[in-house]
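**Q** TSV, N, CA and C atoms and all ligand atoms, saved as coords_32.tsv, coming up:
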chain	number	residue	atom	x	y	z
A	1	MET	N	56.53	56.58	-58.84
A	1	MET	CA	55.26	56.57	-59.55
A	1	MET	C	55.48	56.69	-61.06
A	2	ARG	N	56.48	57.45	-61.45
A	2	ARG	CA	56.68	57.72	-62.88
A	2	ARG	C	56.85	56.44	-63.69
A	3	ALA	N	57.45	55.45	-63.11
A	3	ALA	CA	57.73	54.22	-63.84
A	3	ALA	C	56.45	53.45	-64.18
A	4	TYR	N	55.36	53.74	-63.47
A	4	TYR	CA	54.13	52.98	-63.66
A	4	TYR	C	53.20	53.57	-64.70
A	5	PHE	N	53.52	54.77	-65.21
A	5	PHE	CA	52.62	55.42	-66.17
A	5	PHE	C	53.40	55.89	-67.39
A	6	SER	N	52.70	55.91	-68.52
A	6	SER	CA	53.35	56.36	-69.75
A	6	SER	C	53.60	57.86	-69.68
A	7	VAL	N	54.50	58.33	-70.54
A	7	VAL	CA	54.91	59.74	-70.53
A	7	VAL	C	53.70	60.65	-70.76
A	8	GLN	N	52.81	60.26	-71.70
A	8	GLN	CA	51.66	61.13	-72.00
A	8	GLN	C	50.67	61.21	-70.84
A	9	ASP	N	50.71	60.25	-69.90
A	9	ASP	CA	49.79	60.28	-68.75
A	9	ASP	C	50.41	60.94	-67.51
A	10	GLN	N	51.69	61.30	-67.57
A	10	GLN	CA	52.39	61.81	-66.38
A	10	GLN	C	51.71	63.06	-65.80
A	11	LEU	N	51.33	64.00	-66.64
A	11	LEU	CA	50.73	65.24	-66.14
A	11	LEU	C	49.39	64.96	-65.46
A	12	TYR	N	48.59	64.10	-66.09
A	12	TYR	CA	47.29	63.75	-65.50
A	12	TYR	C	47.48	63.07	-64.15
A	13	VAL	N	48.42	62.12	-64.07
A	13	VAL	CA	48.68	61.40	-62.82
A	13	VAL	C	49.14	62.39	-61.75
A	14	TRP	N	50.03	63.31	-62.12
A	14	TRP	CA	50.51	64.30	-61.15
A	14	TRP	C	49.35	65.13	-60.61
A	15	ARG	N	48.43	65.54	-61.50
A	15	ARG	CA	47.29	66.35	-61.07
A	15	ARG	C	46.40	65.57	-60.09
A	16	VAL	N	46.17	64.29	-60.39
A	16	VAL	CA	45.34	63.47	-59.50
A	16	VAL	C	46.00	63.34	-58.13
A	17	ILE	N	47.30	63.03	-58.12
A	17	ILE	CA	48.02	62.87	-56.85
A	17	ILE	C	48.03	64.20	-56.09
A	18	ASP	N	48.34	65.29	-56.78
A	18	ASP	CA	48.40	66.60	-56.13
A	18	ASP	C	47.05	66.97	-55.54
A	19	SER	N	45.97	66.72	-56.28
A	19	SER	CA	44.62	67.02	-55.80
A	19	SER	C	44.31	66.24	-54.53
A	20	ASN	N	44.65	64.94	-54.55
A	20	ASN	CA	44.36	64.10	-53.38
A	20	ASN	C	45.23	64.49	-52.18
A	21	MET	N	46.47	64.87	-52.42
A	21	MET	CA	47.33	65.31	-51.31
A	21	MET	C	46.80	66.60	-50.70
A	22	ARG	N	46.28	67.51	-51.53
A	22	ARG	CA	45.68	68.75	-51.00
A	22	ARG	C	44.46	68.43	-50.14
A	23	LEU	N	43.61	67.50	-50.62
A	23	LEU	CA	42.42	67.12	-49.84
A	23	LEU	C	42.83	66.51	-48.50
A	24	ALA	N	43.84	65.65	-48.51
A	24	ALA	CA	44.30	65.00	-47.27
A	24	ALA	C	44.85	66.04	-46.30
A	25	THR	N	45.64	66.98	-46.82
A	25	THR	CA	46.21	68.03	-45.97
A	25	THR	C	45.12	68.90	-45.37
A	26	THR	N	44.11	69.26	-46.19
A	26	THR	CA	43.00	70.06	-45.69
A	26	THR	C	42.25	69.32	-44.59
A	27	PHE	N	42.01	68.01	-44.82
A	27	PHE	CA	41.31	67.20	-43.82
A	27	PHE	C	42.10	67.17	-42.51
A	28	LEU	N	43.41	66.95	-42.59
A	28	LEU	CA	44.24	66.88	-41.38
A	28	LEU	C	44.27	68.23	-40.66
A	29	ASP	N	44.31	69.32	-41.44
A	29	ASP	CA	44.33	70.65	-40.82
A	29	ASP	C	43.03	70.96	-40.09
A	30	GLN	N	41.92	70.38	-40.55
A	30	GLN	CA	40.62	70.67	-39.95
A	30	GLN	C	40.32	69.81	-38.74
A	31	LEU	N	41.11	68.78	-38.50
A	31	LEU	CA	40.86	67.91	-37.34
A	31	LEU	C	41.11	68.70	-36.05
A	32	PRO	N	40.18	68.61	-35.09
A	32	PRO	CA	40.41	69.28	-33.82
A	32	PRO	C	41.57	68.65	-33.06
A	33	GLU	N	42.13	69.40	-32.11
A	33	GLU	CA	43.24	68.88	-31.30
A	33	GLU	C	42.76	67.68	-30.49
A	34	GLY	N	43.61	66.69	-30.34
A	34	GLY	CA	43.32	65.57	-29.45
A	34	GLY	C	42.42	64.50	-30.00
A	35	VAL	N	42.21	64.47	-31.31
A	35	VAL	CA	41.43	63.38	-31.91
A	35	VAL	C	42.26	62.69	-32.98
A	36	GLY	N	41.93	61.43	-33.24
A	36	GLY	CA	42.62	60.65	-34.25
A	36	GLY	C	42.03	60.89	-35.62
A	37	LEU	N	42.47	60.13	-36.62
A	37	LEU	CA	41.97	60.28	-37.99
A	37	LEU	C	40.48	59.97	-38.11
A	38	ASP	N	39.95	59.16	-37.19
A	38	ASP	CA	38.53	58.83	-37.22
A	38	ASP	C	37.69	59.88	-36.49
A	39	GLY	N	38.30	60.95	-35.98
A	39	GLY	CA	37.56	62.01	-35.31
A	39	GLY	C	37.28	61.73	-33.84
A	40	ARG	N	37.72	60.57	-33.36
A	40	ARG	CA	37.48	60.24	-31.95
A	40	ARG	C	38.77	60.41	-31.16
A	41	PRO	N	38.65	60.65	-29.85
A	41	PRO	CA	39.86	60.76	-29.05
A	41	PRO	C	40.61	59.44	-29.03
A	42	PRO	N	41.91	59.47	-28.98
A	42	PRO	CA	42.68	58.23	-28.99
A	42	PRO	C	42.37	57.38	-27.77
A	43	GLN	N	42.37	56.06	-27.99
A	43	GLN	CA	42.07	55.11	-26.93
A	43	GLN	C	43.15	54.04	-26.92
A	44	CYS	N	43.47	53.55	-25.74
A	44	CYS	CA	44.45	52.48	-25.59
A	44	CYS	C	44.04	51.30	-26.47
A	45	GLN	N	45.01	50.68	-27.17
A	45	GLN	CA	44.72	49.59	-28.10
A	45	GLN	C	44.61	48.23	-27.42
A	46	ALA	N	44.86	48.18	-26.13
A	46	ALA	CA	44.85	46.91	-25.41
A	46	ALA	C	43.43	46.51	-25.01
A	47	HIS	N	43.27	45.25	-24.62
A	47	HIS	CA	42.02	44.74	-24.09
A	47	HIS	C	42.23	44.34	-22.63
A	48	THR	N	41.18	44.48	-21.83
A	48	THR	CA	41.26	44.10	-20.42
A	48	THR	C	41.18	42.58	-20.29
A	49	ARG	N	41.34	42.08	-19.09
A	49	ARG	CA	41.24	40.62	-18.87
A	49	ARG	C	39.86	40.10	-19.22
A	50	LYS	N	38.85	40.97	-19.12
A	50	LYS	CA	37.48	40.56	-19.47
A	50	LYS	C	37.26	40.56	-20.98
A	51	GLY	N	38.21	41.06	-21.73
A	51	GLY	CA	38.10	41.07	-23.19
A	51	GLY	C	37.51	42.34	-23.75
A	52	THR	N	37.23	43.31	-22.89
A	52	THR	CA	36.69	44.58	-23.37
A	52	THR	C	37.84	45.53	-23.67
A	53	PRO	N	37.64	46.46	-24.63
A	53	PRO	CA	38.71	47.40	-24.95
A	53	PRO	C	39.05	48.28	-23.75
A	54	CYS	N	40.32	48.53	-23.57
A	54	CYS	CA	40.78	49.42	-22.50
A	54	CYS	C	40.26	50.83	-22.81
A	55	GLN	N	39.71	51.50	-21.82
A	55	GLN	CA	39.09	52.82	-22.02
A	55	GLN	C	40.06	53.97	-21.76
A	56	ARG	N	41.27	53.66	-21.33
A	56	ARG	CA	42.18	54.72	-20.91
A	56	ARG	C	42.82	55.44	-22.10
A	57	THR	N	43.30	56.63	-21.85
A	57	THR	CA	43.96	57.45	-22.86
A	57	THR	C	45.40	56.98	-23.02
A	58	PRO	N	45.85	56.76	-24.25
A	58	PRO	CA	47.24	56.33	-24.43
A	58	PRO	C	48.23	57.44	-24.07
A	59	LEU	N	49.44	57.04	-23.83
A	59	LEU	CA	50.50	58.00	-23.57
A	59	LEU	C	50.69	58.86	-24.83
A	60	PRO	N	51.13	60.09	-24.69
A	60	PRO	CA	51.32	60.95	-25.88
A	60	PRO	C	52.21	60.29	-26.94
A	61	GLY	N	51.69	60.21	-28.16
A	61	GLY	CA	52.45	59.63	-29.26
A	61	GLY	C	52.54	58.12	-29.23
A	62	ARG	N	51.80	57.48	-28.34
A	62	ARG	CA	51.84	56.02	-28.21
A	62	ARG	C	50.45	55.44	-28.46
A	63	ASP	N	50.39	54.09	-28.60
A	63	ASP	CA	49.12	53.39	-28.81
A	63	ASP	C	48.56	52.82	-27.52
A	64	TYR	N	49.35	52.83	-26.44
A	64	TYR	CA	48.91	52.18	-25.21
A	64	TYR	C	49.00	53.11	-24.01
A	65	CYS	N	48.14	52.86	-23.02
A	65	CYS	CA	48.11	53.63	-21.78
A	65	CYS	C	49.29	53.20	-20.90
A	66	PRO	N	49.50	53.91	-19.78
A	66	PRO	CA	50.62	53.53	-18.90
A	66	PRO	C	50.54	52.08	-18.41
A	67	SER	N	49.32	51.55	-18.20
A	67	SER	CA	49.18	50.17	-17.72
A	67	SER	C	49.54	49.14	-18.78
A	68	HIS	N	49.38	49.50	-20.05
A	68	HIS	CA	49.62	48.54	-21.13
A	68	HIS	C	50.81	48.90	-22.01
A	69	LYS	N	51.62	49.85	-21.54
A	69	LYS	CA	52.72	50.31	-22.41
A	69	LYS	C	53.72	49.20	-22.71
A	70	HIS	N	53.72	48.14	-21.88
A	70	HIS	CA	54.62	47.01	-22.14
A	70	HIS	C	54.23	46.24	-23.41
A	71	LEU	N	53.00	46.47	-23.92
A	71	LEU	CA	52.55	45.77	-25.13
A	71	LEU	C	53.02	46.47	-26.41
A	72	GLU	N	53.52	47.69	-26.26
A	72	GLU	CA	53.98	48.45	-27.43
A	72	GLU	C	55.10	47.67	-28.12
A	73	GLU	N	54.92	47.48	-29.42
A	73	GLU	CA	55.95	46.76	-30.17
A	73	GLU	C	57.14	47.67	-30.41
A	74	THR	N	58.28	47.16	-30.23
A	74	THR	CA	59.48	47.92	-30.55
A	74	THR	C	60.21	47.18	-31.65
A	75	PHE	N	60.64	47.95	-32.63
A	75	PHE	CA	61.36	47.38	-33.75
A	75	PHE	C	62.83	47.70	-33.60
A	76	GLU	N	63.51	46.84	-32.88
A	76	GLU	CA	64.94	47.05	-32.69
A	76	GLU	C	65.69	46.24	-33.74
A	77	SER	N	66.84	46.72	-34.10
A	77	SER	CA	67.62	46.00	-35.10
A	77	SER	C	68.11	44.68	-34.53
A	78	VAL	N	68.08	43.67	-35.37
A	78	VAL	CA	68.53	42.35	-34.95
A	78	VAL	C	69.95	42.15	-35.44
A	79	GLU	N	70.82	41.84	-34.52
A	79	GLU	CA	72.21	41.61	-34.91
A	79	GLU	C	72.42	40.12	-35.17
A	80	ILE	N	73.05	39.82	-36.28
A	80	ILE	CA	73.35	38.43	-36.60
A	80	ILE	C	74.57	38.04	-35.77
A	81	PRO	N	74.46	36.91	-35.07
A	81	PRO	CA	75.61	36.51	-34.26
A	81	PRO	C	76.86	36.39	-35.11
A	82	LEU	N	77.98	36.83	-34.57
A	82	LEU	CA	79.25	36.83	-35.30
A	82	LEU	C	79.66	35.42	-35.70
A	83	GLN	N	79.34	34.45	-34.86
A	83	GLN	CA	79.73	33.07	-35.16
A	83	GLN	C	79.08	32.57	-36.45
A	84	ALA	N	77.78	32.96	-36.67
A	84	ALA	CA	77.11	32.52	-37.89
A	84	ALA	C	77.82	33.08	-39.12
A	85	GLY	N	78.22	34.35	-39.08
A	85	GLY	CA	78.93	34.96	-40.19
A	85	GLY	C	80.26	34.30	-40.43
A	86	GLU	N	80.96	33.95	-39.36
A	86	GLU	CA	82.25	33.28	-39.48
A	86	GLU	C	82.09	31.90	-40.10
A	87	MET	N	80.98	31.22	-39.73
A	87	MET	CA	80.73	29.90	-40.30
A	87	MET	C	80.56	30.01	-41.82
A	88	VAL	N	79.80	31.02	-42.29
A	88	VAL	CA	79.58	31.20	-43.72
A	88	VAL	C	80.92	31.47	-44.41
A	89	ASP	N	81.71	32.37	-43.83
A	89	ASP	CA	83.02	32.67	-44.42
A	89	ASP	C	83.89	31.42	-44.52
A	90	HIS	N	83.88	30.62	-43.46
A	90	HIS	CA	84.68	29.40	-43.45
A	90	HIS	C	84.20	28.43	-44.53
A	91	GLU	N	82.86	28.28	-44.66
A	91	GLU	CA	82.31	27.38	-45.66
A	91	GLU	C	82.67	27.86	-47.07
A	92	LEU	N	82.61	29.18	-47.28
A	92	LEU	CA	82.97	29.72	-48.60
A	92	LEU	C	84.42	29.42	-48.92
A	93	GLU	N	85.31	29.59	-47.92
A	93	GLU	CA	86.74	29.30	-48.14
A	93	GLU	C	86.94	27.83	-48.50
A	94	THR	N	86.17	26.97	-47.81
A	94	THR	CA	86.27	25.54	-48.09
A	94	THR	C	85.83	25.21	-49.50
A	95	LEU	N	84.72	25.86	-49.94
A	95	LEU	CA	84.19	25.61	-51.28
A	95	LEU	C	85.15	26.11	-52.35
A	96	THR	N	85.70	27.30	-52.15
A	96	THR	CA	86.59	27.86	-53.18
A	96	THR	C	87.92	27.13	-53.23
A	97	ALA	N	88.33	26.54	-52.09
A	97	ALA	CA	89.60	25.80	-52.06
A	97	ALA	C	89.46	24.49	-52.79
A	98	ALA	N	88.24	23.91	-52.83
A	98	ALA	CA	88.05	22.60	-53.43
A	98	ALA	C	88.07	22.65	-54.95
B	101	ZN	ZN	45.33	50.36	-21.62
Any chance you could put this one into structure tokens?
Ligand SMILES: [Zn+2]

**A**
Amino acid sequence: MRAYFSVQDQLYVWRVIDSNMRLATTFLDQLPEGVGLDGRPPQCQAHTRKGTPCQRTPLPGRDYCPSHKHLEETFESVEIPLQAGEMVDHELETLTAA
């Protein structure tokens, strides 16, 4: 954040950010157990075959119920095939040799 504001504005910016972080923390502390940020109980993010939202409770810490847990996106690391890397190395050697 510091890079985006002049030195004379740094204290003011810090106060604004600190004030907003306190408000957010207070809001989160006041939320009852078992409700999301909107104050409602969490609901499965999937839709049924009829197109209506799934009414079931998601698994703890998840966005989907047991029936729809297969829809949960997983962000696994993608490995670049070794052959592609070898091809680049070979092409570079060819270019530098020429
Ligand atoms: Zn569901």

**Q** What lies within 8 Å of region 58-70 of chain A using only N, CA and C atoms, ignoring chain neighbours under 5 positions off, as a ChimeraX atom specification?

**A** /A:41-47

**Q** Provide the atom N of Cys54 (chain A) to atom N of Asp38 (chain A) distance in Å, to one decimal place.

**A**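 Taking atom N of Cys54 (chain A) as the start and atom N of Asp38 (chain A) as the end point, the length is 17.3 Å.
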
**Q** How far is it from atom C of Met1 (chain A) to atom N of Met21 (chain A), in Å with one decimal?

**A**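 Here the two named atoms are 14.9 Å from each other.
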
**Q** For atom C of Tyr12 (chain A) and atom C of Leu31 (chain A), determine how far apart the two atoms are, in Å to one decimal place.

**A** 29.4 Å

**Q** Each side padded by 3 Å, which centre and which edge lengths in Å (one decimal) define the axis-aligned box around the listed atoms of region 13-29 of chain A? Give them as AutoDock Vina command-line options.

**A**
--center_x 45.9 --center_y 66.2 --center_z -52.1 --size_x 15.2 --size_y 15.6 --size_z 30.0

**Q** Please determine, counting only C-alpha atoms and all ligand atoms, which residue among A:Gln30, A:Ser6, A:Thr57, A:Thr25 has the shortest atom-to-atom distance to ligand ZN 101 (chain B).

**A**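 For ligand ZN 101 (chain B), the nearest of the candidates is A:Thr57.
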
**Q** Let me make sure I understand: among A:Thr74, A:Gln55, A:Ser19, A:Gln10, which one has the smallest atom-to-atom distance to ligand ZN 101 (chain B) if we use all atoms listed in the file?

**A** A:Gln55

**Q** Taking only N, CA and C atoms and all ligand atoms into account, name the residue in A:Leu37, A:Thr48, A:Glu73, A:Pro32 that is nearest to ligand ZN 101 (chain B).

**A**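 Among A:Leu37, A:Thr48, A:Glu73, A:Pro32, it is A:Thr48 that comes nearest to ligand ZN 101 (chain B).
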